[in-house]
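Below is the file model09.pdb, which contains PDB, C-alpha atoms.
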ATOM      1  CA  MET A 787      -4.582  16.978 -13.247
ATOM      2  CA  ALA A 788      -1.883  14.805 -14.794
ATOM      3  CA  GLY A 789      -1.289  17.505 -17.382
ATOM      4  CA  ASN A 790      -0.569  20.046 -14.667
ATOM      5  CA  ARG A 791       2.187  17.819 -13.350
ATOM      6  CA  GLU A 792       4.174  18.601 -16.510
ATOM      7  CA  TYR A 793       4.839  22.084 -15.168
ATOM      8  CA  LYS A 794       7.198  20.748 -12.522
ATOM      9  CA  SER A 795       7.019  17.857 -10.093
ATOM     10  CA  ASP A 796       7.342  19.738  -6.801
ATOM     11  CA  VAL A 797       9.730  21.864  -4.766
ATOM     12  CA  PHE A 798      11.939  18.842  -4.138
ATOM     13  CA  GLY A 799      12.293  18.374  -7.891
ATOM     14  CA  MET A 800      13.163  22.042  -8.295
ATOM     15  CA  LEU A 801      15.858  21.734  -5.648
ATOM     16  CA  MET A 802      17.351  18.656  -7.311
ATOM     17  CA  GLU A 803      17.523  20.498 -10.637
ATOM     18  CA  GLU A 804      20.210  22.647  -9.078
ATOM     19  CA  PRO A 805      23.553  20.794  -9.300
ATOM     20  CA  GLY A 806      24.803  22.067  -5.956
ATOM     21  CA  TYR A 807      21.816  20.702  -4.068
ATOM     22  CA  ALA A 808      21.857  17.437  -6.036
ATOM     23  CA  LEU A 809      25.553  17.050  -5.217
ATOM     24  CA  GLU A 810      24.840  17.603  -1.510
ATOM     25  CA  VAL A 811      22.199  14.851  -1.417
ATOM     26  CA  TYR A 812      24.444  12.515  -3.435
ATOM     27  CA  ASN A 813      27.340  12.978  -1.014
ATOM     28  CA  ALA A 814      25.103  12.384   2.004
ATOM     29  CA  LEU A 815      23.655   9.158   0.579
ATOM     30  CA  ASN A 816      26.921   7.771  -0.774
ATOM     31  CA  HIS A 817      29.299   9.042   1.925
ATOM     32  CA  SER A 818      31.335  10.794  -0.763
ATOM     33  CA  ASP A 819      32.970  14.207  -0.848
ATOM     34  CA  TYR A 820      32.524  15.639  -4.325
ATOM     35  CA  ARG A 821      32.898  19.419  -4.296
ATOM     36  CA  ASP A 822      32.395  20.569  -7.911
ATOM     37  CA  PRO A 823      28.688  20.947  -8.910
ATOM     38  CA  GLY A 824      29.901  21.082 -12.506
ATOM     39  CA  LEU A 825      30.395  17.321 -12.323
ATOM     40  CA  VAL A 826      26.632  16.831 -12.036
ATOM     41  CA  GLU A 827      24.883  16.131 -15.347
ATOM     42  CA  VAL A 828      21.163  16.658 -14.772
ATOM     43  CA  CYS A 829      18.977  14.336 -16.862
ATOM     44  CA  SER A 830      15.509  15.204 -18.111
ATOM     45  CA  LEU A 831      12.912  12.839 -19.466
ATOM     46  CA  GLU A 832      11.924  13.271 -23.083
ATOM     47  CA  ARG A 833       8.459  14.468 -23.897
ATOM     48  CA  GLY A 834       6.114  11.603 -24.634
ATOM     49  CA  ILE A 835       6.611   9.569 -21.490
ATOM     50  CA  SER A 836       3.575   9.729 -19.242
ATOM     51  CA  LEU A 837       4.102  12.379 -16.603
ATOM     52  CA  SER A 838       1.127  11.191 -14.603
ATOM     53  CA  VAL A 839       3.890   9.123 -13.027
ATOM     54  CA  ARG A 840       6.534  11.752 -12.562
ATOM     55  CA  ASN A 841      10.259  11.850 -12.002
ATOM     56  CA  ASP A 842      11.642  14.293  -9.450
ATOM     57  CA  ALA A 843      15.344  14.129 -10.160
ATOM     58  CA  ALA A 844      17.823  12.173 -12.219
ATOM     59  CA  PHE A 845      21.466  13.032 -12.766
ATOM     60  CA  ILE A 846      24.754  11.402 -13.645
ATOM     61  CA  LEU A 847      27.865  11.863 -11.544
ATOM     62  CA  ASP A 848      31.065   9.874 -12.025
ATOM     63  CA  MET A 849      29.164   7.312 -14.192
ATOM     64  CA  ASN A 850      26.530   6.773 -11.490
ATOM     65  CA  LEU A 851      22.931   7.416 -12.520
ATOM     66  CA  SER A 852      20.994   8.626  -9.488
ATOM     67  CA  VAL A 853      17.215   8.602  -9.721
ATOM     68  CA  TYR A 854      15.641  10.412  -6.776
ATOM     69  CA  GLU A 855      11.939  10.541  -6.010
ATOM     70  CA  HIS A 856       9.984  12.437  -3.374
ATOM     71  CA  GLU A 857       6.701  11.013  -2.104
ATOM     72  CA  SER A 858       4.156  12.464   0.295
ATOM     73  CA  THR A 859       1.883   9.437  -0.134
ATOM     74  CA  VAL A 860       2.859   5.791   0.223
ATOM     75  CA  CYS A 861       3.313   4.167  -3.188
ATOM     76  CA  PRO A 862       4.470   0.546  -3.638
ATOM     77  CA  ASN A 863       4.942   1.091  -7.382
ATOM     78  CA  MET A 864       8.105   3.153  -7.092
ATOM     79  CA  PRO A 865      10.389   0.423  -8.555
ATOM     80  CA  LEU A 866       8.176   0.163 -11.646
ATOM     81  CA  ARG A 867       8.175   3.930 -12.048
ATOM     82  CA  ALA A 868      11.946   4.028 -11.536
ATOM     83  CA  LEU A 869      12.358   1.390 -14.249
ATOM     84  CA  ILE A 870      10.447   3.603 -16.677
ATOM     85  CA  TYR A 871      12.610   6.612 -15.826
ATOM     86  CA  ALA A 872      15.904   4.756 -16.018
ATOM     87  CA  THR A 873      14.991   3.070 -19.303
ATOM     88  CA  ASN A 874      14.060   6.394 -20.845
ATOM     89  CA  ILE A 875      17.296   8.020 -19.676
ATOM     90  CA  LEU A 876      19.488   5.136 -20.811
ATOM     91  CA  GLU A 877      17.753   5.110 -24.179
ATOM     92  CA  GLN A 878      18.896   8.694 -24.642
ATOM     93  CA  TRP A 879      22.353   7.789 -23.341
ATOM     94  CA  VAL A 880      23.013   5.070 -25.954
ATOM     95  CA  LYS A 881      21.491   6.836 -28.951
ATOM     96  CA  LYS A 882      24.888   7.456 -30.556
ATOM     97  CA  GLN A 883      26.372   4.129 -29.541
ATOM     98  CA  ASN A 884      26.254   0.777 -31.301
ATOM     99  CA  ILE A 885      24.447  -1.566 -28.958
ATOM    100  CA  TYR A 886      24.493  -4.277 -31.663
ATOM    101  CA  GLY A 887      28.272  -4.334 -32.018
ATOM    102  CA  ARG A 888      30.932  -6.544 -30.462
ATOM    103  CA  LYS A 889      32.191  -3.826 -28.136
ATOM    104  CA  LEU A 890      30.567  -3.669 -24.707
ATOM    105  CA  VAL A 891      28.660  -0.409 -24.261
ATOM    106  CA  LYS A 892      29.236   0.986 -20.787
ATOM    107  CA  ILE A 893      26.302   2.676 -19.052
ATOM    108  CA  PRO A 894      26.049   4.645 -15.794
ATOM    109  CA  THR A 895      25.389   2.506 -12.732
ATOM    110  CA  PRO A 896      21.774   3.141 -11.638
ATOM    111  CA  ARG A 897      20.941   3.983  -8.027
ATOM    112  CA  PHE A 898      17.397   4.623  -6.820
ATOM    113  CA  ALA A 899      16.259   6.532  -3.740
ATOM    114  CA  VAL A 900      12.840   7.676  -2.541
ATOM    115  CA  PHE A 901      12.398  10.408   0.069
ATOM    116  CA  TYR A 902       9.135  10.087   1.975
ATOM    117  CA  ASN A 903       7.633  12.935   3.985
ATOM    118  CA  GLY A 904       3.942  12.047   4.165
ATOM    119  CA  VAL A 905       1.800  12.075   7.284
ATOM    120  CA  GLU A 906       1.294   8.301   7.444
ATOM    121  CA  GLU A 907       3.608   6.551   9.889
ATOM    122  CA  GLN A 908       6.338   4.681   8.009
ATOM    123  CA  PRO A 909       9.623   2.967   8.942
ATOM    124  CA  GLU A 910      12.775   5.040   8.995
ATOM    125  CA  GLN A 911      14.204   3.182   6.025
ATOM    126  CA  TYR A 912      13.095   0.229   3.897
ATOM    127  CA  GLN A 913      13.382  -1.217   0.394
ATOM    128  CA  LEU A 914      10.898  -1.770  -2.404
ATOM    129  CA  LYS A 915      11.688  -4.329  -5.099
ATOM    130  CA  LEU A 916      10.419  -4.577  -8.660
ATOM    131  CA  SER A 917      10.046  -8.346  -8.291
ATOM    132  CA  ASP A 918       7.356  -7.779  -5.651
ATOM    133  CA  ALA A 919       5.076  -6.764  -8.534
ATOM    134  CA  TYR A 920       5.718  -9.880 -10.623
ATOM    135  CA  ALA A 921       2.587 -11.944 -11.215
ATOM    136  CA  ASN A 922       4.759 -15.067 -11.346
ATOM    137  CA  ARG A 923       7.256 -14.983  -8.515
ATOM    138  CA  MET A 924      10.835 -16.149  -9.014
ATOM    139  CA  GLU A 925      13.470 -17.024  -6.435
ATOM    140  CA  GLU A 926      16.119 -15.278  -8.536
ATOM    141  CA  PRO A 927      14.406 -12.673 -10.770
ATOM    142  CA  GLU A 928      16.140 -12.087 -14.081
ATOM    143  CA  LEU A 929      15.246  -8.412 -13.834
ATOM    144  CA  GLU A 930      15.397  -6.737 -10.437
ATOM    145  CA  LEU A 931      15.320  -3.120  -9.328
ATOM    146  CA  THR A 932      15.548  -1.929  -5.739
ATOM    147  CA  CYS A 933      14.437   1.443  -4.411
ATOM    148  CA  THR A 934      15.613   2.483  -0.961
ATOM    149  CA  VAL A 935      12.989   4.590   0.805
ATOM    150  CA  TYR A 936      14.200   7.184   3.332
ATOM    151  CA  ASN A 937      11.663   8.644   5.734
ATOM    152  CA  ILE A 938      12.737  12.286   6.156
ATOM    153  CA  ASN A 939      10.027  13.336   8.590
ATOM    154  CA  SER A 940      10.991  14.852  11.915
ATOM    155  CA  GLY A 941      12.885  12.408  14.112
ATOM    156  CA  LYS A 942      13.695  10.026  11.257
ATOM    157  CA  ASN A 943      17.080   9.520   9.590
ATOM    158  CA  ARG A 944      18.676  12.211  11.740
ATOM    159  CA  LYS A 945      22.208  11.411  10.554
ATOM    160  CA  LEU A 946      21.248  11.739   6.896
ATOM    161  CA  LEU A 947      19.485  15.053   7.456
ATOM    162  CA  SER A 948      22.327  16.423   9.574
ATOM    163  CA  GLU A 949      24.709  15.692   6.699
ATOM    164  CA  CYS A 950      22.333  17.111   4.095
ATOM    165  CA  PRO A 951      21.140  20.651   4.950
ATOM    166  CA  VAL A 952      19.065  20.952   1.773
ATOM    167  CA  LEU A 953      16.866  17.997   2.795
ATOM    168  CA  GLU A 954      16.629  19.237   6.360
ATOM    169  CA  GLN A 955      15.655  22.751   5.236
ATOM    170  CA  TYR A 956      13.224  21.377   2.658
ATOM    171  CA  MET A 957      11.435  19.557   5.470
ATOM    172  CA  VAL A 958      11.316  22.791   7.486
ATOM    173  CA  PHE A 959       9.538  24.432   4.540
ATOM    174  CA  VAL A 960       7.096  21.502   4.293
ATOM    175  CA  ARG A 961       6.418  21.681   8.029
ATOM    176  CA  TYR A 962       5.729  25.405   7.865
ATOM    177  CA  VAL A 963       3.241  24.898   5.016
ATOM    178  CA  ARG A 964       1.436  22.228   7.019
ATOM    179  CA  GLU A 965       1.375  24.405  10.110
ATOM    180  CA  GLY A 966      -0.023  27.236   8.010
ATOM    181  CA  LEU A 967      -2.840  25.041   6.744
ATOM    182  CA  GLU A 968      -3.738  24.198  10.332
ATOM    183  CA  MET A 969      -3.544  27.870  11.340
ATOM    184  CA  TYR A 970      -6.103  29.136   8.840
ATOM    185  CA  PRO A 971      -9.651  27.955   9.599
ATOM    186  CA  GLU A 972     -10.516  28.132   5.895
ATOM    187  CA  LYS A 973      -7.499  25.966   5.028
ATOM    188  CA  ASP A 974      -6.241  28.709   2.701
ATOM    189  CA  LEU A 975      -3.410  27.012   0.817
ATOM    190  CA  ALA A 976      -2.148  30.222  -0.798
ATOM    191  CA  LYS A 977      -1.822  31.955   2.583
ATOM    192  CA  ALA A 978      -0.119  28.906   4.088
ATOM    193  CA  ILE A 979       2.461  28.753   1.285
ATOM    194  CA  ASP A 980       3.087  32.499   1.310
ATOM    195  CA  GLY A 981       3.518  32.505   5.076
ATOM    196  CA  ALA A 982       5.876  29.500   4.946
ATOM    197  CA  ILE A 983       8.055  31.191   2.316
ATOM    198  CA  ASP A 984       8.238  34.430   4.321
ATOM    199  CA  ARG A 985       9.126  32.545   7.474
ATOM    200  CA  CYS A 986      11.825  30.488   5.738
ATOM    201  CA  ILE A 987      13.410  33.562   4.152
ATOM    202  CA  GLU A 988      13.398  35.349   7.489
ATOM    203  CA  GLU A 989      15.052  32.349   9.204
ATOM    204  CA  GLY A 990      17.553  31.699   6.412
ATOM    205  CA  VAL A 991      15.951  28.412   5.369
ATOM    206  CA  LEU A 992      16.527  27.921   1.615
ATOM    207  CA  ARG A 993      16.691  31.695   1.592
ATOM    208  CA  GLU A 994      18.476  32.320  -1.726
ATOM    209  CA  PHE A 995      16.481  29.616  -3.508
ATOM    210  CA  LEU A 996      13.121  30.867  -2.250
ATOM    211  CA  ILE A 997      13.895  34.509  -3.083
ATOM    212  CA  ARG A 998      15.041  33.595  -6.576
ATOM    213  CA  ARG A 999      12.244  31.178  -7.413
ATOM    214  CA  ARG A1000       9.415  32.283  -5.124
ATOM    215  CA  GLU A1001       6.703  32.513  -7.782
ATOM    216  CA  GLU A1002       7.512  29.083  -9.162
ATOM    217  CA  VAL A1003       7.708  27.556  -5.678
ATOM    218  CA  THR A1004       4.252  28.946  -4.932
ATOM    219  CA  LYS A1005       2.777  27.513  -8.115
ATOM    220  CA  VAL A1006       4.295  24.049  -7.841
ATOM    221  CA  THR A1007       3.420  23.760  -4.143
ATOM    222  CA  GLN A1008      -0.182  24.610  -4.907
ATOM    223  CA  LEU A1009      -0.216  22.024  -7.695
ATOM    224  CA  ASP A1010       1.501  19.444  -5.534
ATOM    225  CA  TYR A1011      -0.896  19.823  -2.610
ATOM    226  CA  THR A1012      -3.892  19.825  -4.963
ATOM    227  CA  PHE A1013      -2.590  16.679  -6.651
ATOM    228  CA  ASP A1014      -1.903  14.939  -3.348
ATOM    229  CA  ARG A1015      -5.313  15.919  -2.008
ATOM    230  CA  ARG A1016      -6.934  14.487  -5.107
ATOM    231  CA  ILE A1017      -5.020  11.243  -4.612
ATOM    232  CA  GLU A1018      -6.067  11.169  -0.955
ATOM    233  CA  PHE A1019      -9.704  11.790  -1.900
ATOM    234  CA  GLU A1020      -9.512   8.986  -4.464
ATOM    235  CA  ARG A1021      -7.948   6.714  -1.874
ATOM    236  CA  GLU A1022     -10.608   7.621   0.670
ATOM    237  CA  ASP A1023     -13.298   6.882  -1.934
ATOM    238  CA  ALA A1024     -11.584   3.562  -2.627
ATOM    239  CA  ARG A1025     -11.408   2.810   1.093
ATOM    240  CA  ALA A1026     -15.079   3.732   1.508
ATOM    241  CA  GLU A1027     -16.025   1.504  -1.419
ATOM    242  CA  GLU A1028     -13.893  -1.261   0.032
ATOM    243  CA  ARG A1029     -15.657  -0.865   3.372
ATOM    244  CA  VAL A1030     -19.046  -1.087   1.607
ATOM    245  CA  ASN A1031     -17.938  -4.151  -0.343
ATOM    246  CA  THR A1032     -16.523  -5.689   2.816
ATOM    247  CA  GLU A1033     -19.792  -5.067   4.649
ATOM    248  CA  ARG A1034     -21.765  -6.541   1.742
ATOM    249  CA  GLU A1035     -19.468  -9.542   1.722
ATOM    250  CA  ARG A1036     -19.854  -9.867   5.488
ATOM    251  CA  GLN A1037     -23.643  -9.690   5.198
ATOM    252  CA  ALA A1038     -23.640 -12.228   2.362
ATOM    253  CA  LYS A1039     -21.473 -14.576   4.420
ATOM    254  CA  GLU A1040     -23.736 -14.035   7.429
ATOM    255  CA  GLN A1041     -26.810 -14.805   5.343
ATOM    256  CA  GLU A1042     -25.077 -17.891   3.990
ATOM    257  CA  ARG A1043     -24.137 -18.894   7.524
ATOM    258  CA  GLN A1044     -27.712 -18.384   8.715
ATOM    259  CA  ALA A1045     -29.064 -20.390   5.758
ATOM    260  CA  LYS A1046     -26.669 -23.218   6.553
ATOM    261  CA  GLU A1047     -27.635 -23.007  10.212
ATOM    262  CA  GLN A1048     -31.322 -23.185   9.308
ATOM    263  CA  GLU A1049     -30.605 -26.142   7.059
ATOM    264  CA  ARG A1050     -28.646 -27.783   9.862
ATOM    265  CA  GLN A1051     -31.474 -27.165  12.326
ATOM    266  CA  ALA A1052     -34.025 -28.576   9.855
ATOM    267  CA  LYS A1053     -31.914 -31.680   9.397
ATOM    268  CA  GLU A1054     -31.494 -31.954  13.157
ATOM    269  CA  GLN A1055     -35.256 -31.670  13.648
ATOM    270  CA  GLU A1056     -35.804 -34.328  11.002
ATOM    271  CA  ARG A1057     -33.221 -36.550  12.688
ATOM    272  CA  GLN A1058     -34.855 -36.043  16.079
ATOM    273  CA  ALA A1059     -38.305 -36.816  14.607
ATOM    274  CA  LYS A1060     -36.986 -40.046  13.066
ATOM    275  CA  GLU A1061     -35.271 -40.889  16.329
ATOM    276  CA  GLN A1062     -38.499 -40.313  18.257
ATOM    277  CA  GLU A1063     -40.368 -42.478  15.756
ATOM    278  CA  ARG A1064     -37.721 -45.206  16.082
ATOM    279  CA  GLN A1065     -37.875 -45.030  19.864
ATOM    280  CA  ALA A1066     -41.704 -45.175  19.772
ATOM    281  CA  LYS A1067     -41.600 -48.271  17.552
ATOM    282  CA  GLU A1068     -38.958 -49.819  19.754
ATOM    283  CA  GLN A1069     -41.041 -49.084  22.836
ATOM    284  CA  ALA A1070     -44.144 -50.511  21.190
ATOM    285  CA  GLU A1071     -42.244 -53.652  20.223
ATOM    286  CA  LYS A1072     -40.983 -54.000  23.769
ATOM    287  CA  GLU A1073     -44.540 -53.600  25.060
ATOM    288  CA  VAL A1074     -45.768 -56.330  22.666
ATOM    289  CA  GLN A1075     -42.967 -58.603  23.810
ATOM    290  CA  ARG A1076     -43.819 -57.874  27.419
ATOM    291  CA  LEU A1077     -47.496 -58.669  26.875
ATOM    292  CA  ARG A1078     -46.647 -61.903  25.091
ATOM    293  CA  ALA A1079     -44.316 -62.942  27.908
ATOM    294  CA  GLU A1080     -46.994 -62.081  30.449
ATOM    295  CA  LEU A1081     -49.546 -64.122  28.487
ATOM    296  CA  GLU A1082     -47.233 -67.132  28.487
ATOM    297  CA  ARG A1083     -46.800 -66.857  32.230
ATOM    298  CA  TYR A1084     -50.566 -66.623  32.641
ATOM    299  CA  LYS A1085     -51.087 -69.774  30.591
ATOM    300  CA  LYS A1086     -48.616 -71.659  32.742
ATOM    301  CA  GLN A1087     -50.347 -70.536  35.914
ATOM    302  CA  PHE A1088     -53.812 -71.445  34.635
ATOM    303  CA  PRO A1089     -53.629 -74.675  32.561
ATOM    304  CA  GLU A1090     -57.423 -74.791  32.187
ATOM    305  CA  TYR A1091     -57.222 -71.474  30.328
ATOM    306  CA  LYS A1092     -54.676 -72.988  27.993
ATOM    307  CA  ALA A1093     -56.921 -76.024  27.284
ATOM    308  CA  GLU A1094     -59.944 -73.847  26.722
ATOM    309  CA  ALA A1095     -57.907 -71.607  24.445
ATOM    310  CA  GLU A1096     -56.722 -74.600  22.429
ATOM    311  CA  GLN A1097     -60.335 -75.856  22.040
ATOM    312  CA  HIS A1098     -61.304 -72.542  20.594
TER     313      HIS A1098
END

Can you give me the file's structure in the form of structure tokens?
Amino acid sequence: MAGNREYKSDVFGMLMEEPGYALEVYNALNHSDYRDPGLVEVCSLERGISLSVRNDAAFILDMNLSVYEHESTVCPNMPLRALIYATNILEQWVKKQNIYGRKLVKIPTPRFAVFYNGVEEQPEQYQLKLSDAYANRMEEPELELTCTVYNINSGKNRKLLSECPVLEQYMVFVRYVREGLEMYPEKDLAKAIDGAIDRCIEEGVLREFLIRRREEVTKVTQLDYTFDRRIEFEREDARAEERVNTERERQAKEQERQAKEQERQAKEQERQAKEQERQAKEQAEKEVQRLRAELERYKKQFPEYKAEAEQH
């Protein structure tokens, strides 16, 4: 499946390949007002880097390197993935420059954003940090990378979406695909995608883009949903295995608890038996002492018995 991802990442990635759309998202995120799409220099990763972790969009504008990712599943490893992308891009950037010389080599300022539109409930906006993955934590990491995650589902980040029609319309397309999947009892993905494209074109949602690149949109959406479903299945398998392991661990702990309880009860029974034995001995000793005291009183009451006893 990872090999299929080399075809294209997803529709979001296709949109961000177009300078005009990339410029629109950049302006919305950075509160800027660039108008010329020709200023956008789209970056592509060289062949050889693993595309099983994919990059959706990277471009340079006014010496700012923007790395944009779209995620339909929650992934805490985005900063690590972003580091791989940025390193690869900057390696290409400095190829013709002397990074061993005395002159400081200027590089584009990196900025990282993730756009989340999965079905799991997530905050409207939050940050992921590379240092969260460090095995040995540091108060002030010497290498840090921060990804800002924007939840672009319905009702989230309304201001951002209102200022960025391409993101808003992209989410309309995604919603229509999902609705189509729910509409068809057989969960026919091809029908859902085809119906979503027709509906978007009819309503003027990404109309020109979808007409021009319909076949490619269909293919990448099919690949993307298949890939995400595979990930979800793998996660469900992992969750099921975790539940089994948790249950086994619970049973093992319960058995250990029961064994300890049995051991405790055995020790308690042994303690009680010893205590009963001690009490029996103590009672017997008291009885002996009582009999001896009674005998002494008897001797005092009957002196003749004492004399007779002494003769014997």

A:Arg944, A:Lys915, A:Lys1039, A:Arg999 ranked by distance to A:Ala814, top pick (using only C-alpha atoms):
A:Arg944

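Distances from A:Tyr1084, A:Phe845, A:Tyr920, A:Phe959 to A:Tyr812 were compared using only C-alpha atoms, and the smallest one belongs to A:Phe845.
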
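One distance worth recording is that between atom CA of A:Arg897 and atom CA of A:Leu847, which is 11.1 Å.
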
Pull out every residue that the PyMOL selection byres ((chain A and resi 992-995) around 9) matches in the shown coordinates and put them as a PDB file with C-alpha atoms, keeping the file's coordinate frame.
ATOM      1  CA  LEU A 801      15.858  21.734  -5.648  1.00  0.00           C
ATOM      2  CA  VAL A 952      19.065  20.952   1.773  1.00  0.00           C
ATOM      3  CA  GLN A 955      15.655  22.751   5.236  1.00  0.00           C
ATOM      4  CA  TYR A 956      13.224  21.377   2.658  1.00  0.00           C
ATOM      5  CA  PHE A 959       9.538  24.432   4.540  1.00  0.00           C
ATOM      6  CA  ILE A 983       8.055  31.191   2.316  1.00  0.00           C
ATOM      7  CA  CYS A 986      11.825  30.488   5.738  1.00  0.00           C
ATOM      8  CA  ILE A 987      13.410  33.562   4.152  1.00  0.00           C
ATOM      9  CA  GLU A 988      13.398  35.349   7.489  1.00  0.00           C
ATOM     10  CA  GLU A 989      15.052  32.349   9.204  1.00  0.00           C
ATOM     11  CA  GLY A 990      17.553  31.699   6.412  1.00  0.00           C
ATOM     12  CA  VAL A 991      15.951  28.412   5.369  1.00  0.00           C
ATOM     13  CA  LEU A 996      13.121  30.867  -2.250  1.00  0.00           C
ATOM     14  CA  ILE A 997      13.895  34.509  -3.083  1.00  0.00           C
ATOM     15  CA  ARG A 998      15.041  33.595  -6.576  1.00  0.00           C
ATOM     16  CA  ARG A 999      12.244  31.178  -7.413  1.00  0.00           C
ATOM     17  CA  ARG A1000       9.415  32.283  -5.124  1.00  0.00           C
TER      18      ARG A1000
END

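Residue nearest A:Tyr936, chosen from A:Glu855, A:Thr873, A:Ile893, A:Leu967 and counting all atoms listed in the file: A:Glu855.
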
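For the atom pair formed by atom CA of A:Gly966 and atom CA of A:Ala899, the distance is 28.8 Å, given to one decimal.
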
Counting all atoms listed in the file, what is within 6 Å of A:Ala843, bar same-chain residues fewer than 2 positions away, as a PyMOL selection string?
chain A and resi 799+802+841+853-854

Quick one: write out the picked residues with C-alpha atoms as a PDB file, in the coordinates of the input?
ATOM      1  CA  GLY A 799      12.293  18.374  -7.891  1.00  0.00           C
ATOM      2  CA  MET A 802      17.351  18.656  -7.311  1.00  0.00           C
ATOM      3  CA  ASN A 841      10.259  11.850 -12.002  1.00  0.00           C
ATOM      4  CA  VAL A 853      17.215   8.602  -9.721  1.00  0.00           C
ATOM      5  CA  TYR A 854      15.641  10.412  -6.776  1.00  0.00           C
TER       6      TYR A 854
END

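What the PyMOL selection byres ((chain A and resi 978) around 9) grabs from this file is Tyr962, Val963, Arg964, Glu965, Gly966, Leu967, Glu968, Met969, Tyr970, Lys973, Asp974, Leu975, Ala976, Lys977, Ile979, Asp980, Gly981, Ala982 and Ile983 of chain A.
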